[in-house]
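Take a look at the structure below.
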Amino acid sequence: MTDIPEVLFVCVHNAGRSQMAAALLQHYALGRVAVRSAGSEPGEKVNPAAAQALAEWGLDITAEVPSKLTTEDVEASDVVITMGCGDTCPVFPGKRYLDWQLDDPAGKPVEEVRPVRDDIDRRVRALLAELLDQ
């Protein structure tokens with residue numbers, strides 16, 4: 001791993017789960033971790049319910065733009081986390097790959113997105129503790 005670990009969150013549309021995970025990790029890491037997110041088939045905008053769920057915690061992802069997953073994203077990352085959506089990533093030796101099984105918040109009201117946000121929050125906190133403990 002480099003001096004500052006790099007984490008890549010991947011979901012199909014890069015509009016909900018991966019955006020929430022990236023925002024939460026950036027928030028907690030305070031610059032101690034480089035964070036990326038991308039999708040294999042990026043949506044046009046961030047999921048409004050995901051944005052609302054994070055806004056309840058004072059985090060704003062409304063300006064984020066879903067981006068296309070590239071080989072360079074994976075290559076630059078130390079940890080690649082797919083979000084339970086069956087996305088396939090290029091595999092490089094020395095990278096750590098995790099698959100977080102998470103419900104897809106697409107098309108769901110904020111009441112159903114909050115538990116997904118809370119699950120991502122727990123996982124992000126555990127990942128950060130692990131990364132910074134190395």
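By order of appearance in the structure tokens: chains A, B, ..., then residues from 1 within every chain, and ligands from 1 in the order shown.
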For this session: Find the residues around A:Ala21 up to 9 Å (only C-alpha atoms counted), leave out those fewer than 2 positions away in its own chain, and share them as a PyMOL selection string.
Result: chain A and resi 9+16-19+23-26+37+117+120-121+123-124
Convert the current residue selection to file output with N, CA, C and O atoms, as an mmCIF file, in the first residue's frame.
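Everything below was put into result-v3.cif:
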```
data_model
loop_
_atom_site.group_PDB
_atom_site.id
_atom_site.type_symbol
_atom_site.label_atom_id
_atom_site.label_comp_id
_atom_site.auth_asym_id
_atom_site.auth_seq_id
_atom_site.Cartn_x
_atom_site.Cartn_y
_atom_site.Cartn_z
ATOM 1 N N PHE A 9 -14.828 2.569 -4.603
ATOM 2 C CA PHE A 9 -16.153 1.984 -4.431
ATOM 3 C C PHE A 9 -16.808 1.887 -5.801
ATOM 4 O O PHE A 9 -16.840 2.870 -6.547
ATOM 5 N N GLY A 16 -25.782 5.753 -6.108
ATOM 6 C CA GLY A 16 -26.333 5.566 -4.772
ATOM 7 C C GLY A 16 -25.328 5.015 -3.787
ATOM 8 O O GLY A 16 -24.645 5.758 -3.080
ATOM 9 N N ARG A 17 -25.193 3.688 -3.774
ATOM 10 C CA ARG A 17 -24.340 3.032 -2.776
ATOM 11 C C ARG A 17 -22.899 3.511 -2.817
ATOM 12 O O ARG A 17 -22.319 3.868 -1.779
ATOM 13 N N SER A 18 -22.301 3.513 -4.000
ATOM 14 C CA SER A 18 -20.886 3.899 -4.082
ATOM 15 C C SER A 18 -20.686 5.374 -3.757
ATOM 16 O O SER A 18 -19.677 5.749 -3.158
ATOM 17 N N GLN A 19 -21.653 6.208 -4.116
ATOM 18 C CA GLN A 19 -21.555 7.635 -3.786
ATOM 19 C C GLN A 19 -21.671 7.855 -2.272
ATOM 20 O O GLN A 19 -20.930 8.657 -1.695
ATOM 21 N N ALA A 23 -18.604 9.298 0.089
ATOM 22 C CA ALA A 23 -18.804 10.502 0.902
ATOM 23 C C ALA A 23 -18.540 10.223 2.378
ATOM 24 O O ALA A 23 -17.906 11.034 3.070
ATOM 25 N N LEU A 24 -19.009 9.078 2.857
ATOM 26 C CA LEU A 24 -18.800 8.740 4.265
ATOM 27 C C LEU A 24 -17.320 8.502 4.564
ATOM 28 O O LEU A 24 -16.804 8.980 5.576
ATOM 29 N N LEU A 25 -16.628 7.787 3.682
ATOM 30 C CA LEU A 25 -15.207 7.547 3.924
ATOM 31 C C LEU A 25 -14.416 8.853 3.874
ATOM 32 O O LEU A 25 -13.554 9.090 4.722
ATOM 33 N N GLN A 26 -14.713 9.707 2.918
ATOM 34 C CA GLN A 26 -14.034 11.009 2.861
ATOM 35 C C GLN A 26 -14.273 11.795 4.143
ATOM 36 O O GLN A 26 -13.367 12.421 4.684
ATOM 37 N N SER A 37 -14.935 6.717 -6.564
ATOM 38 C CA SER A 37 -16.111 5.886 -6.818
ATOM 39 C C SER A 37 -16.378 5.911 -8.311
ATOM 40 O O SER A 37 -16.039 6.873 -9.003
ATOM 41 N N ARG A 117 -27.884 3.244 3.990
ATOM 42 C CA ARG A 117 -26.898 4.243 4.439
ATOM 43 C C ARG A 117 -26.261 3.807 5.751
ATOM 44 O O ARG A 117 -25.030 3.865 5.917
ATOM 45 N N ILE A 120 -23.865 0.906 5.190
ATOM 46 C CA ILE A 120 -22.635 1.414 4.563
ATOM 47 C C ILE A 120 -21.789 2.144 5.597
ATOM 48 O O ILE A 120 -20.571 1.967 5.649
ATOM 49 N N ASP A 121 -22.428 2.935 6.442
ATOM 50 C CA ASP A 121 -21.711 3.684 7.473
ATOM 51 C C ASP A 121 -20.931 2.743 8.394
ATOM 52 O O ASP A 121 -19.751 2.976 8.664
ATOM 53 N N ARG A 123 -19.878 -0.289 7.760
ATOM 54 C CA ARG A 123 -18.803 -0.931 7.004
ATOM 55 C C ARG A 123 -17.649 0.042 6.739
ATOM 56 O O ARG A 123 -16.478 -0.337 6.815
ATOM 57 N N VAL A 124 -17.980 1.282 6.412
ATOM 58 C CA VAL A 124 -16.952 2.291 6.138
ATOM 59 C C VAL A 124 -16.130 2.564 7.391
ATOM 60 O O VAL A 124 -14.897 2.654 7.328
#
```
For this session: Going by DSSP on the backbone, which bits of stretch 34-91 of chain A are helix (DSSP H, G or I)? Write them as a PyMOL selection string, please.
Result: chain A and resi 48-55+71-76
Problem set entry | Near-A:Asp133 list (12 Å; only C-alpha atoms; drop same-chain fewer than 4 positions) as a PyMOL selection string | chain A and resi 5+32+126-129
What does the file look like for those residues with N, CA, C and O atoms, as a PDB file, in the first residue's frame?
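New file again.pdb:
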```
ATOM      1  N   PRO A   5      -3.579   5.125   1.810  1.00  0.00           N
ATOM      2  CA  PRO A   5      -4.311   4.081   1.103  1.00  0.00           C
ATOM      3  C   PRO A   5      -5.379   4.674   0.183  1.00  0.00           C
ATOM      4  O   PRO A   5      -5.960   5.718   0.501  1.00  0.00           O
ATOM      5  N   ARG A  32      -6.868  11.164   5.254  1.00  0.00           N
ATOM      6  CA  ARG A  32      -5.925  10.075   5.498  1.00  0.00           C
ATOM      7  C   ARG A  32      -6.099   8.916   4.531  1.00  0.00           C
ATOM      8  O   ARG A  32      -5.293   7.978   4.526  1.00  0.00           O
ATOM      9  N   ALA A 126     -15.566   0.542   9.895  1.00  0.00           N
ATOM     10  CA  ALA A 126     -14.719  -0.622  10.149  1.00  0.00           C
ATOM     11  C   ALA A 126     -13.538  -0.658   9.172  1.00  0.00           C
ATOM     12  O   ALA A 126     -12.401  -0.943   9.567  1.00  0.00           O
ATOM     13  N   LEU A 127     -13.801  -0.364   7.900  1.00  0.00           N
ATOM     14  CA  LEU A 127     -12.737  -0.336   6.900  1.00  0.00           C
ATOM     15  C   LEU A 127     -11.701   0.723   7.254  1.00  0.00           C
ATOM     16  O   LEU A 127     -10.495   0.471   7.194  1.00  0.00           O
ATOM     17  N   LEU A 128     -12.144   1.901   7.625  1.00  0.00           N
ATOM     18  CA  LEU A 128     -11.226   2.981   7.970  1.00  0.00           C
ATOM     19  C   LEU A 128     -10.355   2.593   9.169  1.00  0.00           C
ATOM     20  O   LEU A 128      -9.132   2.797   9.132  1.00  0.00           O
ATOM     21  N   ALA A 129     -10.962   2.020  10.174  1.00  0.00           N
ATOM     22  CA  ALA A 129     -10.176   1.595  11.342  1.00  0.00           C
ATOM     23  C   ALA A 129      -9.113   0.581  10.932  1.00  0.00           C
ATOM     24  O   ALA A 129      -7.966   0.661  11.376  1.00  0.00           O
TER      25      ALA A 129
END
```
Might you pull out every residue within 9 Å of A:Val10, with only C-alpha atoms counted and same-chain residues fewer than 6 positions away left off, and present them as a PDB file with N, CA and C atoms, in the first residue's frame?
```pdb
ATOM      1  N   ARG A  17     -25.193   3.688  -3.774  1.00  0.00           N
ATOM      2  CA  ARG A  17     -24.340   3.032  -2.776  1.00  0.00           C
ATOM      3  C   ARG A  17     -22.899   3.511  -2.817  1.00  0.00           C
ATOM      4  N   SER A  18     -22.301   3.513  -4.000  1.00  0.00           N
ATOM      5  CA  SER A  18     -20.886   3.899  -4.082  1.00  0.00           C
ATOM      6  C   SER A  18     -20.686   5.374  -3.757  1.00  0.00           C
ATOM      7  N   GLN A  19     -21.653   6.208  -4.116  1.00  0.00           N
ATOM      8  CA  GLN A  19     -21.555   7.635  -3.786  1.00  0.00           C
ATOM      9  C   GLN A  19     -21.671   7.855  -2.272  1.00  0.00           C
ATOM     10  N   ARG A  36     -12.221   7.080  -4.230  1.00  0.00           N
ATOM     11  CA  ARG A  36     -12.771   7.167  -5.584  1.00  0.00           C
ATOM     12  C   ARG A  36     -14.080   6.385  -5.596  1.00  0.00           C
ATOM     13  N   SER A  37     -14.935   6.717  -6.564  1.00  0.00           N
ATOM     14  CA  SER A  37     -16.111   5.886  -6.818  1.00  0.00           C
ATOM     15  C   SER A  37     -16.378   5.911  -8.311  1.00  0.00           C
ATOM     16  N   ALA A  38     -16.969   4.819  -8.798  1.00  0.00           N
ATOM     17  CA  ALA A  38     -17.240   4.712 -10.226  1.00  0.00           C
ATOM     18  C   ALA A  38     -18.298   3.642 -10.454  1.00  0.00           C
ATOM     19  N   GLY A  39     -18.790   3.581 -11.693  1.00  0.00           N
ATOM     20  CA  GLY A  39     -19.789   2.593 -12.040  1.00  0.00           C
ATOM     21  C   GLY A  39     -19.554   2.031 -13.427  1.00  0.00           C
ATOM     22  N   SER A  40     -20.007   0.804 -13.637  1.00  0.00           N
ATOM     23  CA  SER A  40     -19.839   0.175 -14.944  1.00  0.00           C
ATOM     24  C   SER A  40     -20.797   0.778 -15.972  1.00  0.00           C
ATOM     25  N   LEU A  69     -16.318   3.537 -14.627  1.00  0.00           N
ATOM     26  CA  LEU A  69     -15.214   2.753 -14.085  1.00  0.00           C
ATOM     27  C   LEU A  69     -14.155   2.561 -15.167  1.00  0.00           C
ATOM     28  N   VAL A  80     -10.516  -2.329  -3.552  1.00  0.00           N
ATOM     29  CA  VAL A  80     -11.629  -2.153  -4.485  1.00  0.00           C
ATOM     30  C   VAL A  80     -12.846  -2.824  -3.868  1.00  0.00           C
ATOM     31  N   ILE A  81     -13.897  -2.038  -3.667  1.00  0.00           N
ATOM     32  CA  ILE A  81     -15.101  -2.563  -3.030  1.00  0.00           C
ATOM     33  C   ILE A  81     -16.263  -2.476  -4.000  1.00  0.00           C
ATOM     34  N   THR A  82     -16.778  -3.643  -4.378  1.00  0.00           N
ATOM     35  CA  THR A  82     -17.991  -3.683  -5.180  1.00  0.00           C
ATOM     36  C   THR A  82     -19.161  -3.752  -4.203  1.00  0.00           C
ATOM     37  N   MET A  83     -20.307  -3.271  -4.649  1.00  0.00           N
ATOM     38  CA  MET A  83     -21.421  -3.069  -3.733  1.00  0.00           C
ATOM     39  C   MET A  83     -22.552  -4.083  -3.936  1.00  0.00           C
ATOM     40  N   CYS A  85     -23.497  -5.810  -6.477  1.00  0.00           N
ATOM     41  CA  CYS A  85     -24.282  -5.644  -7.695  1.00  0.00           C
ATOM     42  C   CYS A  85     -23.736  -6.475  -8.848  1.00  0.00           C
ATOM     43  N   ASP A  87     -20.924  -6.328 -10.270  1.00  0.00           N
ATOM     44  CA  ASP A  87     -19.999  -5.641 -11.171  1.00  0.00           C
ATOM     45  C   ASP A  87     -18.691  -6.404 -11.270  1.00  0.00           C
ATOM     46  N   CYS A  89     -14.706  -6.118 -12.102  1.00  0.00           N
ATOM     47  CA  CYS A  89     -13.609  -5.155 -12.159  1.00  0.00           C
ATOM     48  C   CYS A  89     -12.389  -5.853 -12.731  1.00  0.00           C
TER      49      CYS A  89
END
```
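Picture a line from atom CA of A:Ala49 to atom CA of A:Val113; it runs 6.6 Å.
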Exercise. Mind pulling up the distance from atom CA of A:Asn47 to atom CA of A:Ala34?
Worked result: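 Taking atom CA of A:Ala34 as the start and atom CA of A:Asn47 as the end point, the length is 22.8 Å.
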Exercise. If you measure from atom CA of A:Glu130 to atom CA of A:Leu102, what distance in Å do you get, rounded to one decimal?
Worked result: 20.2 Å
Problem set entry | Counting only C-alpha atoms, the residue of A:Val7, A:Ala29, A:Val12, A:Val74 that sits nearest A:Pro105 |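 So, comparing all the options, the nearest one is A:Val12.
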Neighbouring residues of A:Glu111 were defined as those with any atom within 12 Å, considering only C-alpha atoms; residues of the same chain fewer than 2 positions away were excluded. Please report them as a compact mmCIF listing (two decimals) with all heavy atoms, in the first residue's frame.
```txt
# COMPACT_ATOMS: atom_id res chain seq x y z
N ALA A 49 -32.74 10.12 -3.29
CA ALA A 49 -32.99 9.56 -1.95
C ALA A 49 -31.67 9.30 -1.22
O ALA A 49 -31.59 9.50 0.00
CB ALA A 49 -33.82 8.29 -2.05
N ALA A 50 -30.63 8.87 -1.93
CA ALA A 50 -29.32 8.69 -1.32
C ALA A 50 -28.77 10.04 -0.87
O ALA A 50 -28.22 10.16 0.23
CB ALA A 50 -28.36 8.02 -2.30
N GLN A 52 -30.53 12.66 -0.07
CA GLN A 52 -31.33 13.10 1.07
C GLN A 52 -30.93 12.37 2.35
O GLN A 52 -30.82 12.98 3.41
CB GLN A 52 -32.82 12.88 0.79
CG GLN A 52 -33.72 13.41 1.89
CD GLN A 52 -35.20 13.19 1.61
OE1 GLN A 52 -35.60 12.86 0.49
NE2 GLN A 52 -36.02 13.39 2.62
N ALA A 53 -30.67 11.07 2.24
CA ALA A 53 -30.26 10.29 3.42
C ALA A 53 -28.95 10.81 3.99
O ALA A 53 -28.79 10.90 5.21
CB ALA A 53 -30.15 8.81 3.06
N GLU A 56 -29.26 14.30 5.74
CA GLU A 56 -29.74 14.21 7.12
C GLU A 56 -28.58 14.16 8.10
O GLU A 56 -28.74 14.47 9.29
CB GLU A 56 -30.62 12.97 7.29
CG GLU A 56 -31.91 13.05 6.52
CD GLU A 56 -32.73 11.77 6.53
OE1 GLU A 56 -32.24 10.72 7.04
OE2 GLU A 56 -33.85 11.80 6.01
N PRO A 105 -30.52 1.06 -3.61
CA PRO A 105 -31.48 2.10 -3.25
C PRO A 105 -32.22 2.72 -4.44
O PRO A 105 -33.09 3.56 -4.25
CB PRO A 105 -30.61 3.16 -2.56
CG PRO A 105 -29.27 3.00 -3.17
CD PRO A 105 -29.13 1.52 -3.48
N GLY A 107 -34.68 3.91 -6.99
CA GLY A 107 -36.13 3.97 -7.04
C GLY A 107 -36.83 3.83 -5.70
O GLY A 107 -38.06 3.78 -5.65
N LYS A 108 -36.09 3.79 -4.61
CA LYS A 108 -36.70 3.64 -3.29
C LYS A 108 -36.83 4.98 -2.59
O LYS A 108 -36.01 5.88 -2.80
CB LYS A 108 -35.86 2.69 -2.43
CG LYS A 108 -35.84 1.28 -2.98
CD LYS A 108 -35.09 0.34 -2.09
CE LYS A 108 -35.15 -1.07 -2.67
NZ LYS A 108 -34.28 -1.99 -1.99
N PRO A 109 -37.84 5.12 -1.73
CA PRO A 109 -37.97 6.36 -0.95
C PRO A 109 -36.88 6.42 0.13
O PRO A 109 -36.29 5.40 0.48
CB PRO A 109 -39.36 6.24 -0.33
CG PRO A 109 -39.62 4.77 -0.25
CD PRO A 109 -38.90 4.17 -1.43
N VAL A 113 -33.95 3.90 2.07
CA VAL A 113 -32.52 4.12 1.81
C VAL A 113 -31.75 4.29 3.11
O VAL A 113 -30.57 3.94 3.18
CB VAL A 113 -32.33 5.33 0.86
CG1 VAL A 113 -30.86 5.64 0.67
CG2 VAL A 113 -33.00 5.06 -0.48
N ARG A 114 -32.39 4.79 4.14
CA ARG A 114 -31.70 5.00 5.42
C ARG A 114 -31.02 3.74 5.96
O ARG A 114 -29.86 3.80 6.39
CB ARG A 114 -32.67 5.56 6.46
CG ARG A 114 -33.00 7.01 6.23
CD ARG A 114 -33.90 7.56 7.34
NE ARG A 114 -34.39 8.86 6.97
CZ ARG A 114 -35.67 9.17 6.80
NH1 ARG A 114 -36.61 8.26 7.00
NH2 ARG A 114 -36.01 10.39 6.46
N PRO A 115 -31.69 2.56 5.94
CA PRO A 115 -30.99 1.36 6.43
C PRO A 115 -29.77 1.00 5.58
O PRO A 115 -28.78 0.50 6.11
CB PRO A 115 -32.06 0.26 6.35
CG PRO A 115 -33.37 0.98 6.32
CD PRO A 115 -33.11 2.30 5.66
N VAL A 116 -29.83 1.27 4.28
CA VAL A 116 -28.68 1.02 3.40
C VAL A 116 -27.55 1.97 3.80
O VAL A 116 -26.39 1.56 3.95
CB VAL A 116 -29.05 1.19 1.91
CG1 VAL A 116 -27.83 0.99 1.02
CG2 VAL A 116 -30.17 0.24 1.52
N ARG A 117 -27.88 3.24 3.99
CA ARG A 117 -26.90 4.24 4.44
C ARG A 117 -26.26 3.81 5.75
O ARG A 117 -25.03 3.87 5.92
CB ARG A 117 -27.60 5.60 4.62
CG ARG A 117 -26.71 6.67 5.24
CD ARG A 117 -27.50 7.77 5.94
NE ARG A 117 -28.32 7.25 7.01
CZ ARG A 117 -29.35 7.89 7.55
NH1 ARG A 117 -29.70 9.08 7.09
NH2 ARG A 117 -30.04 7.36 8.53
N ASP A 118 -27.08 3.35 6.69
CA ASP A 118 -26.57 2.94 8.00
C ASP A 118 -25.64 1.74 7.89
O ASP A 118 -24.62 1.67 8.58
CB ASP A 118 -27.74 2.64 8.95
CG ASP A 118 -28.60 3.86 9.24
OD1 ASP A 118 -28.20 4.99 8.88
OD2 ASP A 118 -29.69 3.67 9.83
```
For this session: Give the answer as one residue: which of A:Asp99, A:Glu112, A:Asp119, A:Met20 has the shortest atom-to-atom distance to A:Leu59, using only C-alpha atoms?
Result: A:Met20
Exercise. Between A:Gly31, A:Ala22, A:Glu41, A:Ala63, which one has atoms that come closest to A:Asp3, using only C-alpha atoms?
Worked result: A:Gly31
Exercise. When DSSP works through the backbone of this structure, what residues of stretch 50-111 of chain A end up as strand (DSSP E or B), shown as a VMD selection string?
Worked result: chain A and resid 68 79 to 82 96 to 99
Convert the current residue selection to file output with C-alpha atoms, as a compact mmCIF listing (two decimals), in the first residue's frame.
```
# COMPACT_ATOMS: atom_id res chain seq x y z
CA LYS A 68 -17.39 5.45 -15.63
CA VAL A 79 -8.79 -1.65 -1.98
CA VAL A 80 -11.63 -2.15 -4.48
CA ILE A 81 -15.10 -2.56 -3.03
CA THR A 82 -17.99 -3.68 -5.18
CA ARG A 96 -7.59 -6.21 -2.21
CA TYR A 97 -11.12 -6.89 -3.46
CA LEU A 98 -14.22 -6.89 -1.25
CA ASP A 99 -17.87 -7.31 -2.17
```
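By only C-alpha atoms, and with residues fewer than 4 positions from A:Val65 along its chain excluded, the set lying at most 9 Å from it is Asn14, Ala15, Pro42, Gly43, Glu44, Lys45, Val46 and Ile61 of chain A.
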Exercise. So which one's closest to A:Glu64, A:Ala51, A:His27, A:Ala76, A:Leu8? Using only C-alpha atoms, please.
Worked result: A:Ala51
